[in-house]
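Peer 1: Sharing query.csv below, CSV, C-alpha atoms and all ligand atoms:
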```csv
chain,number,residue,atom,x,y,z
A,21,MET,CA,-40.8,-25.7,-3.1
A,22,ALA,CA,-39.4,-28.1,-5.7
A,23,GLU,CA,-36.6,-29.1,-3.2
A,24,ASN,CA,-37.0,-30.5,0.3
A,25,ILE,CA,-35.5,-27.6,2.2
A,26,SER,CA,-36.8,-26.8,5.7
A,27,ARG,CA,-36.6,-23.3,7.1
A,28,TYR,CA,-35.5,-24.7,10.4
A,29,ASP,CA,-32.5,-26.5,8.9
A,30,LEU,CA,-31.5,-23.4,6.9
A,31,GLU,CA,-31.7,-21.2,10.0
A,32,ARG,CA,-29.5,-23.7,11.9
A,33,LEU,CA,-26.9,-23.5,9.1
A,34,VAL,CA,-26.9,-19.7,9.2
A,35,GLU,CA,-26.6,-19.6,13.0
A,36,ASP,CA,-23.7,-22.1,12.9
A,37,LYS,CA,-21.8,-19.8,10.5
A,38,ARG,CA,-22.5,-16.3,11.8
A,39,TRP,CA,-19.6,-16.2,14.3
A,40,LEU,CA,-17.1,-16.6,11.4
A,41,ALA,CA,-17.9,-13.0,10.4
A,42,GLN,CA,-15.6,-11.9,13.3
A,43,GLN,CA,-12.6,-13.2,11.3
A,44,GLY,CA,-13.3,-10.9,8.4
A,45,GLU,CA,-13.4,-7.2,7.7
A,46,LEU,CA,-15.6,-4.8,5.8
A,47,ALA,CA,-14.2,-3.6,2.5
A,48,SER,CA,-12.8,-0.1,3.3
A,49,TYR,CA,-11.4,1.1,0.1
A,50,ILE,CA,-14.9,2.1,-1.0
A,51,PRO,CA,-15.8,4.2,2.0
A,52,GLU,CA,-19.5,3.8,1.7
A,53,LEU,CA,-19.2,0.0,2.2
A,54,LYS,CA,-17.8,0.6,5.7
A,55,ARG,CA,-21.3,1.5,6.8
A,56,ALA,CA,-22.6,-2.1,6.7
A,57,ASP,CA,-23.0,-4.3,9.8
A,58,PRO,CA,-20.2,-6.9,9.5
A,59,LEU,CA,-22.0,-9.4,11.7
A,60,ARG,CA,-25.1,-9.8,9.5
A,61,LEU,CA,-25.7,-13.0,7.6
A,62,GLY,CA,-28.6,-13.9,5.4
A,63,VAL,CA,-29.5,-16.4,2.6
A,64,SER,CA,-32.3,-16.9,0.1
A,65,ILE,CA,-32.8,-20.0,-2.0
A,66,THR,CA,-35.0,-20.0,-5.1
A,67,THR,CA,-35.9,-23.3,-6.6
A,68,LEU,CA,-36.8,-23.8,-10.3
A,69,ASP,CA,-40.6,-23.6,-9.6
A,70,GLY,CA,-39.9,-20.0,-8.6
A,71,LYS,CA,-40.4,-20.4,-4.9
A,72,THR,CA,-38.1,-18.6,-2.5
A,73,LEU,CA,-37.1,-19.3,1.1
A,74,SER,CA,-35.2,-16.6,2.9
A,75,VAL,CA,-33.6,-16.7,6.4
A,76,GLY,CA,-31.4,-14.5,8.5
A,77,HIS,CA,-30.7,-10.9,7.5
A,78,CYS,CA,-32.1,-11.3,4.1
A,79,GLN,CA,-34.1,-8.0,4.0
A,80,ASP,CA,-30.9,-5.9,3.9
A,81,ALA,CA,-30.0,-4.2,0.7
A,82,PHE,CA,-26.4,-4.2,-0.5
A,83,SER,CA,-24.6,-3.2,-3.7
A,84,LEU,CA,-24.0,-5.8,-6.4
A,85,GLN,CA,-20.3,-4.9,-6.7
A,86,SER,CA,-18.5,-7.7,-8.7
A,87,ILE,CA,-21.6,-9.8,-8.9
A,88,SER,CA,-22.6,-7.3,-11.6
A,89,LYS,CA,-19.8,-8.8,-13.8
A,90,VAL,CA,-21.9,-11.9,-14.5
A,91,LEU,CA,-24.8,-9.8,-15.8
A,92,SER,CA,-22.6,-7.5,-17.9
A,93,LEU,CA,-20.9,-10.5,-19.4
A,94,ILE,CA,-24.3,-12.0,-20.4
A,95,MET,CA,-25.4,-8.6,-21.9
A,96,ALA,CA,-22.1,-8.2,-23.8
A,97,LEU,CA,-22.5,-11.7,-25.2
A,98,MET,CA,-26.0,-11.0,-26.3
A,99,ASP,CA,-24.9,-7.8,-27.9
A,100,ASN,CA,-21.7,-8.9,-29.6
A,101,GLY,CA,-21.5,-12.7,-29.8
A,102,PHE,CA,-19.0,-15.1,-28.3
A,103,ASP,CA,-16.0,-14.4,-30.6
A,104,ASN,CA,-16.1,-10.6,-30.4
A,105,VAL,CA,-16.3,-10.7,-26.6
A,106,PHE,CA,-13.5,-13.2,-26.2
A,107,SER,CA,-11.3,-11.3,-28.6
A,108,LYS,CA,-11.2,-8.6,-25.8
A,109,VAL,CA,-11.2,-10.7,-22.7
A,110,GLY,CA,-9.8,-14.2,-21.9
A,111,MET,CA,-11.3,-17.3,-20.2
A,112,GLU,CA,-8.6,-18.3,-17.8
A,113,PRO,CA,-8.6,-18.1,-14.0
A,114,SER,CA,-6.2,-15.4,-12.9
A,115,GLY,CA,-4.9,-16.6,-9.5
A,116,GLU,CA,-4.4,-12.9,-8.9
A,117,PRO,CA,-6.4,-10.4,-6.7
A,118,PHE,CA,-9.5,-9.0,-8.3
A,119,ASN,CA,-7.9,-5.6,-9.0
A,120,SER,CA,-4.6,-6.9,-10.2
A,121,ILE,CA,-2.8,-4.9,-12.9
A,122,SER,CA,0.4,-7.0,-13.3
A,123,LYS,CA,-0.8,-9.6,-15.8
A,124,LEU,CA,-2.3,-7.0,-18.2
A,125,GLU,CA,1.1,-6.0,-19.5
A,126,THR,CA,2.4,-9.6,-20.0
A,127,MET,CA,-0.7,-11.2,-21.6
A,128,GLU,CA,-0.8,-11.7,-25.3
A,129,ASN,CA,-2.5,-8.7,-26.9
A,130,HIS,CA,-2.7,-7.3,-23.3
A,131,ILE,CA,-6.2,-8.8,-22.9
A,132,PRO,CA,-7.4,-9.3,-19.3
A,133,LEU,CA,-7.4,-12.9,-18.1
A,134,ASN,CA,-11.2,-13.2,-17.6
A,135,PRO,CA,-14.4,-11.2,-17.2
A,136,MET,CA,-14.7,-11.7,-13.5
A,137,ILE,CA,-11.7,-9.6,-12.5
A,138,ASN,CA,-12.0,-5.8,-12.6
A,139,SER,CA,-9.9,-5.3,-15.8
A,140,GLY,CA,-12.0,-7.9,-17.6
A,141,ALA,CA,-15.3,-6.5,-16.5
A,142,ILE,CA,-14.3,-3.0,-17.5
A,143,ALA,CA,-13.3,-4.3,-21.0
A,144,VAL,CA,-16.7,-6.1,-21.1
A,145,SER,CA,-18.6,-2.9,-20.1
A,146,ALA,CA,-17.0,-1.1,-23.1
A,147,LEU,CA,-18.8,-3.7,-25.3
A,148,ILE,CA,-22.3,-3.1,-24.0
A,149,LYS,CA,-24.4,-1.4,-26.6
A,150,GLY,CA,-26.4,1.8,-26.2
A,151,ASP,CA,-26.6,5.5,-27.2
A,152,SER,CA,-25.2,6.8,-24.0
A,153,VAL,CA,-24.0,5.6,-20.6
A,154,ALA,CA,-27.4,6.3,-19.2
A,155,HIS,CA,-29.0,4.1,-22.0
A,156,ARG,CA,-26.5,1.3,-21.5
A,157,PHE,CA,-27.0,1.3,-17.7
A,158,GLU,CA,-30.8,1.3,-18.2
A,159,ARG,CA,-30.6,-1.7,-20.5
A,160,VAL,CA,-28.6,-3.8,-17.9
A,161,LEU,CA,-30.7,-2.5,-15.0
A,162,ASN,CA,-33.9,-3.5,-16.9
A,163,PHE,CA,-32.5,-6.9,-17.6
A,164,ILE,CA,-31.7,-7.4,-13.9
A,165,GLN,CA,-35.1,-6.1,-12.8
A,166,LYS,CA,-36.8,-8.6,-15.2
A,167,ILE,CA,-34.8,-11.6,-14.0
A,168,ALA,CA,-35.1,-10.7,-10.3
A,169,ASP,CA,-38.8,-9.8,-10.9
A,170,ASP,CA,-38.6,-6.4,-9.2
A,171,SER,CA,-38.9,-3.2,-11.1
A,172,THR,CA,-37.9,-1.2,-8.0
A,173,ILE,CA,-34.2,-2.4,-8.1
A,174,THR,CA,-32.1,0.8,-8.5
A,175,LEU,CA,-28.8,2.5,-8.2
A,176,ASN,CA,-27.4,3.2,-4.8
A,177,GLU,CA,-26.1,6.8,-5.5
A,178,LYS,CA,-24.0,7.0,-2.3
A,179,VAL,CA,-22.1,3.9,-3.3
A,180,TYR,CA,-21.8,5.1,-6.9
A,181,PHE,CA,-20.2,8.4,-5.8
A,182,SER,CA,-18.0,6.6,-3.4
A,183,GLU,CA,-16.8,4.2,-6.2
A,184,LYS,CA,-16.1,7.1,-8.5
A,185,ALA,CA,-14.3,9.1,-5.9
A,186,THR,CA,-11.9,6.2,-5.0
A,187,GLY,CA,-11.8,4.4,-8.4
A,188,ASP,CA,-8.2,5.3,-9.5
A,189,ARG,CA,-7.0,1.8,-9.6
A,190,ASN,CA,-9.9,0.9,-12.0
A,191,ARG,CA,-9.1,4.1,-14.0
A,192,SER,CA,-5.5,2.9,-14.4
A,193,LEU,CA,-6.6,-0.5,-15.6
A,194,ALA,CA,-9.0,1.1,-18.1
A,195,TYR,CA,-6.6,3.6,-19.5
A,196,PHE,CA,-3.9,0.9,-19.9
A,197,MET,CA,-6.5,-1.1,-21.9
A,198,LYS,CA,-7.3,2.0,-23.9
A,199,SER,CA,-3.6,2.4,-24.8
A,200,THR,CA,-3.4,-1.2,-26.0
A,201,GLY,CA,-6.6,-1.1,-28.0
A,202,VAL,CA,-8.5,-3.6,-25.8
A,203,ILE,CA,-11.0,-0.7,-25.2
A,204,GLU,CA,-11.9,0.9,-28.5
A,205,THR,CA,-14.9,2.9,-27.3
A,206,ASP,CA,-14.9,5.9,-24.9
A,207,VAL,CA,-12.9,4.8,-21.8
A,208,ASP,CA,-14.5,7.2,-19.3
A,209,GLU,CA,-17.9,6.0,-20.4
A,210,ALA,CA,-16.9,2.3,-20.0
A,211,LEU,CA,-15.6,3.2,-16.5
A,212,ASP,CA,-18.7,5.1,-15.6
A,213,LEU,CA,-20.9,2.2,-16.6
A,214,TYR,CA,-18.8,-0.2,-14.6
A,215,PHE,CA,-19.1,2.0,-11.5
A,216,ARG,CA,-22.8,2.3,-11.9
A,217,LEU,CA,-23.3,-1.5,-12.4
A,218,CYS,CA,-21.3,-2.2,-9.2
A,219,SER,CA,-23.5,0.2,-7.3
A,220,ILE,CA,-26.9,-1.4,-8.0
A,221,ASN,CA,-28.7,-2.3,-4.8
A,222,VAL,CA,-30.1,-5.8,-4.3
A,223,THR,CA,-31.1,-8.2,-1.6
A,224,CYS,CA,-30.4,-12.0,-1.2
A,225,CYS,CA,-33.8,-12.7,-2.6
A,226,HIS,CA,-32.9,-10.9,-5.9
A,227,LEU,CA,-29.6,-12.8,-6.1
A,228,SER,CA,-31.3,-16.2,-5.6
A,229,ARG,CA,-33.8,-15.4,-8.3
A,230,ILE,CA,-30.9,-14.5,-10.6
A,231,GLY,CA,-29.2,-17.7,-9.6
A,232,ALA,CA,-32.4,-19.7,-10.4
A,233,PHE,CA,-32.5,-18.2,-13.8
A,234,LEU,CA,-28.9,-19.2,-14.4
A,235,ALA,CA,-29.7,-22.7,-13.0
A,236,ASN,CA,-32.7,-22.9,-15.4
A,237,LYS,CA,-30.8,-22.5,-18.7
A,238,GLY,CA,-31.8,-18.8,-19.1
A,239,VAL,CA,-35.5,-19.4,-18.4
A,240,ILE,CA,-36.9,-17.2,-15.6
A,241,PRO,CA,-38.6,-19.7,-13.2
A,242,GLY,CA,-42.3,-19.8,-13.9
A,243,GLN,CA,-41.9,-18.7,-17.6
A,244,ARG,CA,-41.6,-20.9,-20.7
A,245,GLN,CA,-39.4,-19.0,-23.2
A,246,PRO,CA,-35.7,-18.5,-22.5
A,247,LEU,CA,-34.7,-14.8,-22.0
A,248,VAL,CA,-31.1,-15.7,-22.9
A,249,SER,CA,-29.7,-18.6,-24.9
A,250,GLU,CA,-28.6,-21.7,-23.2
A,251,ASP,CA,-25.1,-21.3,-24.7
A,252,ILE,CA,-24.6,-17.9,-23.1
A,253,ILE,CA,-25.8,-19.2,-19.7
A,254,ARG,CA,-23.3,-22.1,-20.0
A,255,VAL,CA,-20.5,-19.6,-20.6
A,256,ALA,CA,-21.5,-17.4,-17.7
A,257,ASN,CA,-21.8,-20.4,-15.3
A,258,THR,CA,-18.5,-21.9,-16.4
A,259,ILE,CA,-16.6,-18.7,-15.9
A,260,MET,CA,-18.2,-18.2,-12.5
A,261,PHE,CA,-17.1,-21.8,-11.6
A,262,THR,CA,-13.5,-21.2,-12.7
A,263,ALA,CA,-13.0,-17.5,-11.8
A,264,GLY,CA,-16.0,-16.2,-9.9
A,265,MET,CA,-14.3,-16.1,-6.5
A,266,TYR,CA,-11.0,-14.6,-7.8
A,267,ASN,CA,-7.9,-16.2,-6.4
A,268,GLU,CA,-10.1,-18.4,-4.1
A,269,SER,CA,-12.0,-19.9,-7.1
A,270,GLY,CA,-10.2,-23.3,-6.9
A,271,GLU,CA,-10.9,-23.7,-3.2
A,272,SER,CA,-14.5,-22.5,-3.6
A,273,ALA,CA,-15.0,-25.1,-6.5
A,274,ILE,CA,-13.6,-27.8,-4.2
A,275,ARG,CA,-15.6,-26.8,-1.2
A,276,THR,CA,-19.0,-25.8,-2.8
A,277,GLY,CA,-18.8,-27.6,-6.1
A,278,ILE,CA,-21.0,-25.0,-7.8
A,279,PRO,CA,-20.5,-21.8,-9.8
A,280,ALA,CA,-20.5,-18.7,-7.6
A,281,LYS,CA,-19.7,-15.0,-7.9
A,282,SER,CA,-18.8,-12.8,-5.0
A,283,GLY,CA,-18.6,-9.0,-4.5
A,284,VAL,CA,-16.7,-6.9,-2.0
A,285,SER,CA,-20.0,-5.8,-0.3
A,286,GLY,CA,-20.2,-9.4,0.9
A,287,GLY,CA,-22.8,-10.8,-1.5
A,288,ILE,CA,-22.5,-14.2,-3.1
A,289,LEU,CA,-24.6,-15.4,-6.1
A,290,ALA,CA,-24.5,-19.2,-6.5
A,291,VAL,CA,-26.0,-21.5,-9.1
A,292,ALA,CA,-26.8,-25.2,-8.7
A,293,PRO,CA,-27.7,-26.1,-12.3
A,294,GLY,CA,-31.1,-27.8,-12.6
A,295,ARG,CA,-31.7,-27.3,-8.9
A,296,MET,CA,-31.7,-23.8,-7.4
A,297,GLY,CA,-30.2,-20.3,-7.2
A,298,ILE,CA,-28.7,-19.1,-3.9
A,299,GLY,CA,-28.1,-15.5,-2.7
A,300,ILE,CA,-26.1,-14.8,0.4
A,301,ILE,CA,-25.1,-11.6,2.2
A,302,GLY,CA,-22.3,-11.5,4.9
A,303,PRO,CA,-20.5,-8.1,4.6
A,304,ALA,CA,-17.3,-9.2,6.5
A,305,ILE,CA,-14.9,-10.4,3.8
A,306,ASN,CA,-11.5,-12.2,3.8
A,307,LYS,CA,-8.3,-11.0,2.3
A,308,LYS,CA,-9.3,-12.3,-1.2
A,309,GLY,CA,-12.5,-10.2,-1.2
A,310,ASN,CA,-15.0,-13.0,-0.5
A,311,SER,CA,-17.6,-13.1,2.3
A,312,ILE,CA,-16.0,-15.2,5.0
A,313,ALA,CA,-19.2,-16.5,6.7
A,314,GLY,CA,-21.0,-16.5,3.4
A,315,LEU,CA,-18.5,-18.8,1.7
A,316,SER,CA,-18.6,-21.2,4.6
A,317,LEU,CA,-22.4,-21.1,4.6
A,318,LEU,CA,-22.5,-21.8,0.9
A,319,SER,CA,-20.3,-24.9,1.4
A,320,ALA,CA,-22.5,-26.1,4.2
A,321,ILE,CA,-25.6,-25.6,2.1
A,322,SER,CA,-23.9,-27.5,-0.8
A,323,LYS,CA,-23.1,-30.4,1.5
A,324,SER,CA,-26.6,-30.5,3.1
A,325,TYR,CA,-28.5,-30.5,-0.2
A,326,ASP,CA,-25.9,-32.5,-2.2
A,327,LEU,CA,-25.3,-29.8,-4.7
A,328,HIS,CA,-21.6,-30.5,-5.6
A,329,LEU,CA,-21.5,-31.0,-9.4
A,330,LEU,CA,-18.5,-33.3,-9.4
A,331,THR,CA,-19.5,-36.0,-7.0
A,401,LIG,N1,-16.5,-2.0,-7.3
A,401,LIG,C1,-15.5,-2.8,-6.9
A,401,LIG,C2,-14.2,-2.4,-7.5
A,401,LIG,O1,-14.2,-2.0,-8.6
A,401,LIG,C3,-15.8,-4.3,-7.2
A,401,LIG,C4,-14.8,-5.2,-6.7
A,401,LIG,C5,-15.3,-6.5,-6.1
A,401,LIG,O2,-16.5,-6.6,-5.8
A,401,LIG,N2,-14.5,-7.4,-5.9
A,401,LIG,O3,-13.1,-2.6,-6.9
```
The structure in this file should be written as structure tokens.

Peer 2:
Amino acid sequence: MAENISRYDLERLVEDKRWLAQQGELASYIPELKRADPLRLGVSITTLDGKTLSVGHCQDAFSLQSISKVLSLIMALMDNGFDNVFSKVGMEPSGEPFNSISKLETMENHIPLNPMINSGAIAVSALIKGDSVAHRFERVLNFIQKIADDSTITLNEKVYFSEKATGDRNRSLAYFMKSTGVIETDVDEALDLYFRLCSINVTCCHLSRIGAFLANKGVIPGQRQPLVSEDIIRVANTIMFTAGMYNESGESAIRTGIPAKSGVSGGILAVAPGRMGIGIIGPAINKKGNSIAGLSLLSAISKSYDLHLLT
């Protein structure tokens, strides 16, 4: 491994943080997510030579949820370019919960504040190119499979149906954006793609590989040619840094010092540029929708391996 990380030290960090899960709760508004074991905690680290170390409950599969927002942003930027994407979504941290609706009405042109909150991600999913929802989904799924080096990554159908059955808040965000012209394509298709992308099943190991790709300027570790331009990766990492943990992004930036993106299933994708990618699962989340033990573990890992970007 390119970095000096011992399994023993990482196991100790995980064991130190596991109890914190008792202070969080499983996301319940998507019923299928209630089936997870809240006390599980696992982490994988992939260094830029492509080697991965995994400890704790790292074999468990979980749905990407909001972590998919990073990948759809990258895809939309590749499909449309920077100016077109950022005419439909902003770049500012929101300071609001991830499913907030209030700012949409007051923002200039009613564009969502950033691509890491639900409204922004739905607007971004409307920009992904393809002949049908199935084709668009397949493009993003193939992209994820390639980066994570696993062609078996697939949709969790139970989560997908659960998302759809309870997705009225997201529908209201999408229909509002349709009414204001932020979404110009078929609104139901944009929503369907968003629900599907949130429902892709991954493991910590997949997340850490995706993180290593983001840490390696868009080059999959072990390969030579970039899959995505350095400029797009810089945008994705910066938006993760300022907005990836919703209204806890400022605190996360202070405590961990690296770009990170969470999802309500308790996953965290983190990127230490030039160093490593980190994938964490800890299904018990706090009120802001972030894994409670996972975020604390990430901050401990950052301290142990001196990852903070601003020190
Ligand atoms: N699928 C979830 C939703 O739309 C994603 C939210 C999240 O992970 N924060 O509400």

Peer 1: Interatomic distance between CA of Arg191 in chain A and CA of Glu268 in chain A?

Peer 2: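 Here the two named atoms are 24.6 Å from each other.
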
Peer 1: Extract, using only C-alpha atoms, all DNA, RNA and protein residues at most 12 Å from Lys308 in chain A, discarding same-chain residues fewer than 4 positions from it, and format them as a PyMOL selection string.

Peer 2: chain A and resi 44-45+47+115-120+137+264-269+271-272+282-284+286+304+312+315

Peer 1: Show me which residues line ligand LIG 401 (chain A), defined as having an atom within 10 Å of a ligand atom where only C-alpha atoms and all ligand atoms count, and present them as a PyMOL selection string.

Peer 2: chain A and resi 47+49-50+83-89+117-119+136-139+141-142+179-180+182-184+186-191+211+214-219+264-266+281-287+308-310

Peer 1: Nearest to Val202 in chain A among A:Arg38, A:His226, A:Lys108, A:Arg27, with distances taken over only C-alpha atoms: which residue is it?

Peer 2: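 Under the stated criterion, the closest residue is A:Lys108.
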
Peer 1: Ranking A:Thr205, A:Val144, A:Glu31, A:Ile321 by minimum distance to Asn100 in chain A and counting all atoms listed in the file, which one comes first?

Peer 2: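 Distance minimum relative to Asn100 in chain A lands on A:Val144.
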
Peer 1: Please report as CSV every residue of range 205-289 of chain A lying within 10 Å of range 165-169 of chain A, along with the nearest atom pair and their distance in Å (one decimal), using only C-alpha atoms.

Peer 2:
```
residue,atom,partner,partner_atom,distance
A:Val222,CA,A:Ala168,CA,9.2
A:Thr223,CA,A:Ala168,CA,9.9
A:Cys225,CA,A:Ala168,CA,8.1
A:His226,CA,A:Ala168,CA,4.9
A:Leu227,CA,A:Ala168,CA,7.2
A:Ser228,CA,A:Ala168,CA,8.2
A:Arg229,CA,A:Ala168,CA,5.3
A:Ile230,CA,A:Ala168,CA,5.7
A:Gly231,CA,A:Ala168,CA,9.2
A:Ala232,CA,A:Ile167,CA,9.2
A:Phe233,CA,A:Ile167,CA,7.0
A:Leu234,CA,A:Ile167,CA,9.6
A:Gly238,CA,A:Ile167,CA,9.3
A:Val239,CA,A:Ile167,CA,9.0
A:Ile240,CA,A:Ile167,CA,6.2
A:Pro241,CA,A:Ile167,CA,9.0
A:Leu247,CA,A:Ile167,CA,8.6
```

Peer 1: Using only C-alpha atoms, find the one residue out of A:Leu317, A:Ile274, A:Ile253, A:Leu330 that sits nearest to Leu33 in chain A.

Peer 2: A:Leu317

Peer 1: So that each row is one residue of range 56-124 of chain A with an atom at most 12 Å from range 195-199 of chain A, can you give its shortest atom pair and the distance in Å to one decimal, using all atoms listed in the file, rows by chain and rising number, as CSV?

Peer 2:
```
residue,atom,partner,partner_atom,distance
A:Lys108,CA,A:Met197,CA,9.7
A:Val109,CA,A:Met197,CA,10.7
A:Ile121,CA,A:Phe196,CA,9.2
A:Ser122,CA,A:Phe196,CA,11.2
A:Lys123,CA,A:Phe196,CA,11.7
A:Leu124,CA,A:Met197,CA,8.1
```

Peer 1: Find the distance between CA of Met95 in chain A and CA of Ile148 in chain A and write it in Å to one decimal.

Peer 2: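 Distance between the two atoms: 6.7 Å.
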
Peer 1: Name all residues at most 7 Å from range 299-303 of chain A (count all atoms listed in the file; drop same-chain ones fewer than 6 positions away) and give them as a list in words.

Peer 2: Leu46, Ala56, Asp57, Pro58, Arg60, Leu61, Gly62, Val63, Ser64, Ile65, Cys224, Cys225, Leu227, Ser228, Ser285, Gly286, Gly287, Ile288, Leu289, Ala290, Ser311, Ala313 and Gly314 of chain A

Peer 1: Between A:Ile173, A:Met98, A:Val153, A:Ala185, which has the minimum distance to Glu209 in chain A (counting all atoms listed in the file)?

Peer 2: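 Among the listed residues, the smallest separation from Glu209 in chain A belongs to A:Val153.
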
Peer 1: Just checking: using all atoms listed in the file, which residue out of A:Lys71, A:Arg55, A:Lys178, A:Arg254 ends up closest to Val90 in chain A?

Peer 2: A:Arg254

Peer 1: When you draw a straight line from CA of Glu23 in chain A to CA of Asp69 in chain A, how long is it in Å?

Peer 2: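 Going from CA of Glu23 in chain A over to CA of Asp69 in chain A, I get 9.3 Å.
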
Peer 1: Please extract range 76-132 of chain A and write it out with C-alpha atoms, as a CSV table (one decimal), in the first residue's frame.

Peer 2:
```csv
chain,number,residue,atom,x,y,z
A,76,GLY,CA,-15.1,-3.9,10.2
A,77,HIS,CA,-18.5,-4.6,8.5
A,78,CYS,CA,-17.1,-3.7,5.1
A,79,GLN,CA,-18.8,-6.6,3.2
A,80,ASP,CA,-22.3,-5.3,3.8
A,81,ALA,CA,-24.0,-3.8,0.7
A,82,PHE,CA,-26.0,-0.6,1.1
A,83,SER,CA,-27.6,1.8,-1.3
A,84,LEU,CA,-25.7,4.8,-2.6
A,85,GLN,CA,-28.4,7.3,-1.8
A,86,SER,CA,-27.1,10.9,-1.9
A,87,ILE,CA,-23.6,9.7,-2.7
A,88,SER,CA,-24.9,9.1,-6.2
A,89,LYS,CA,-25.2,12.9,-6.5
A,90,VAL,CA,-21.4,13.2,-7.0
A,91,LEU,CA,-21.5,10.7,-9.9
A,92,SER,CA,-24.5,12.2,-11.6
A,93,LEU,CA,-22.8,15.6,-11.4
A,94,ILE,CA,-19.7,14.3,-13.0
A,95,MET,CA,-21.8,12.6,-15.8
A,96,ALA,CA,-23.8,15.8,-16.4
A,97,LEU,CA,-20.7,17.9,-16.6
A,98,MET,CA,-19.2,15.5,-19.1
A,99,ASP,CA,-22.4,15.5,-21.1
A,100,ASN,CA,-23.2,19.3,-21.1
A,101,GLY,CA,-20.1,21.3,-19.9
A,102,PHE,CA,-19.6,23.5,-16.9
A,103,ASP,CA,-21.7,26.6,-18.1
A,104,ASN,CA,-24.8,24.6,-19.1
A,105,VAL,CA,-24.9,22.6,-15.8
A,106,PHE,CA,-24.3,25.7,-13.6
A,107,SER,CA,-27.1,27.6,-15.4
A,108,LYS,CA,-29.5,25.0,-13.9
A,109,VAL,CA,-27.9,24.5,-10.4
A,110,GLY,CA,-25.9,26.7,-8.1
A,111,MET,CA,-22.5,26.3,-6.3
A,112,GLU,CA,-23.3,27.6,-2.9
A,113,PRO,CA,-23.6,25.6,0.4
A,114,SER,CA,-27.2,25.6,1.4
A,115,GLY,CA,-27.2,25.5,5.2
A,116,GLU,CA,-30.5,23.8,4.9
A,117,PRO,CA,-31.6,20.1,5.2
A,118,PHE,CA,-31.0,18.0,2.2
A,119,ASN,CA,-34.6,17.9,1.1
A,120,SER,CA,-35.3,21.6,1.8
A,121,ILE,CA,-37.9,23.2,-0.5
A,122,SER,CA,-37.9,26.8,1.0
A,123,LYS,CA,-35.0,28.4,-0.8
A,124,LEU,CA,-36.1,27.2,-4.3
A,125,GLU,CA,-38.7,29.9,-4.4
A,126,THR,CA,-36.5,32.7,-3.3
A,127,MET,CA,-33.4,31.9,-5.3
A,128,GLU,CA,-32.7,34.0,-8.5
A,129,ASN,CA,-34.2,32.0,-11.4
A,130,HIS,CA,-35.3,29.5,-8.8
A,131,ILE,CA,-32.2,27.4,-9.4
A,132,PRO,CA,-31.3,25.0,-6.5
```
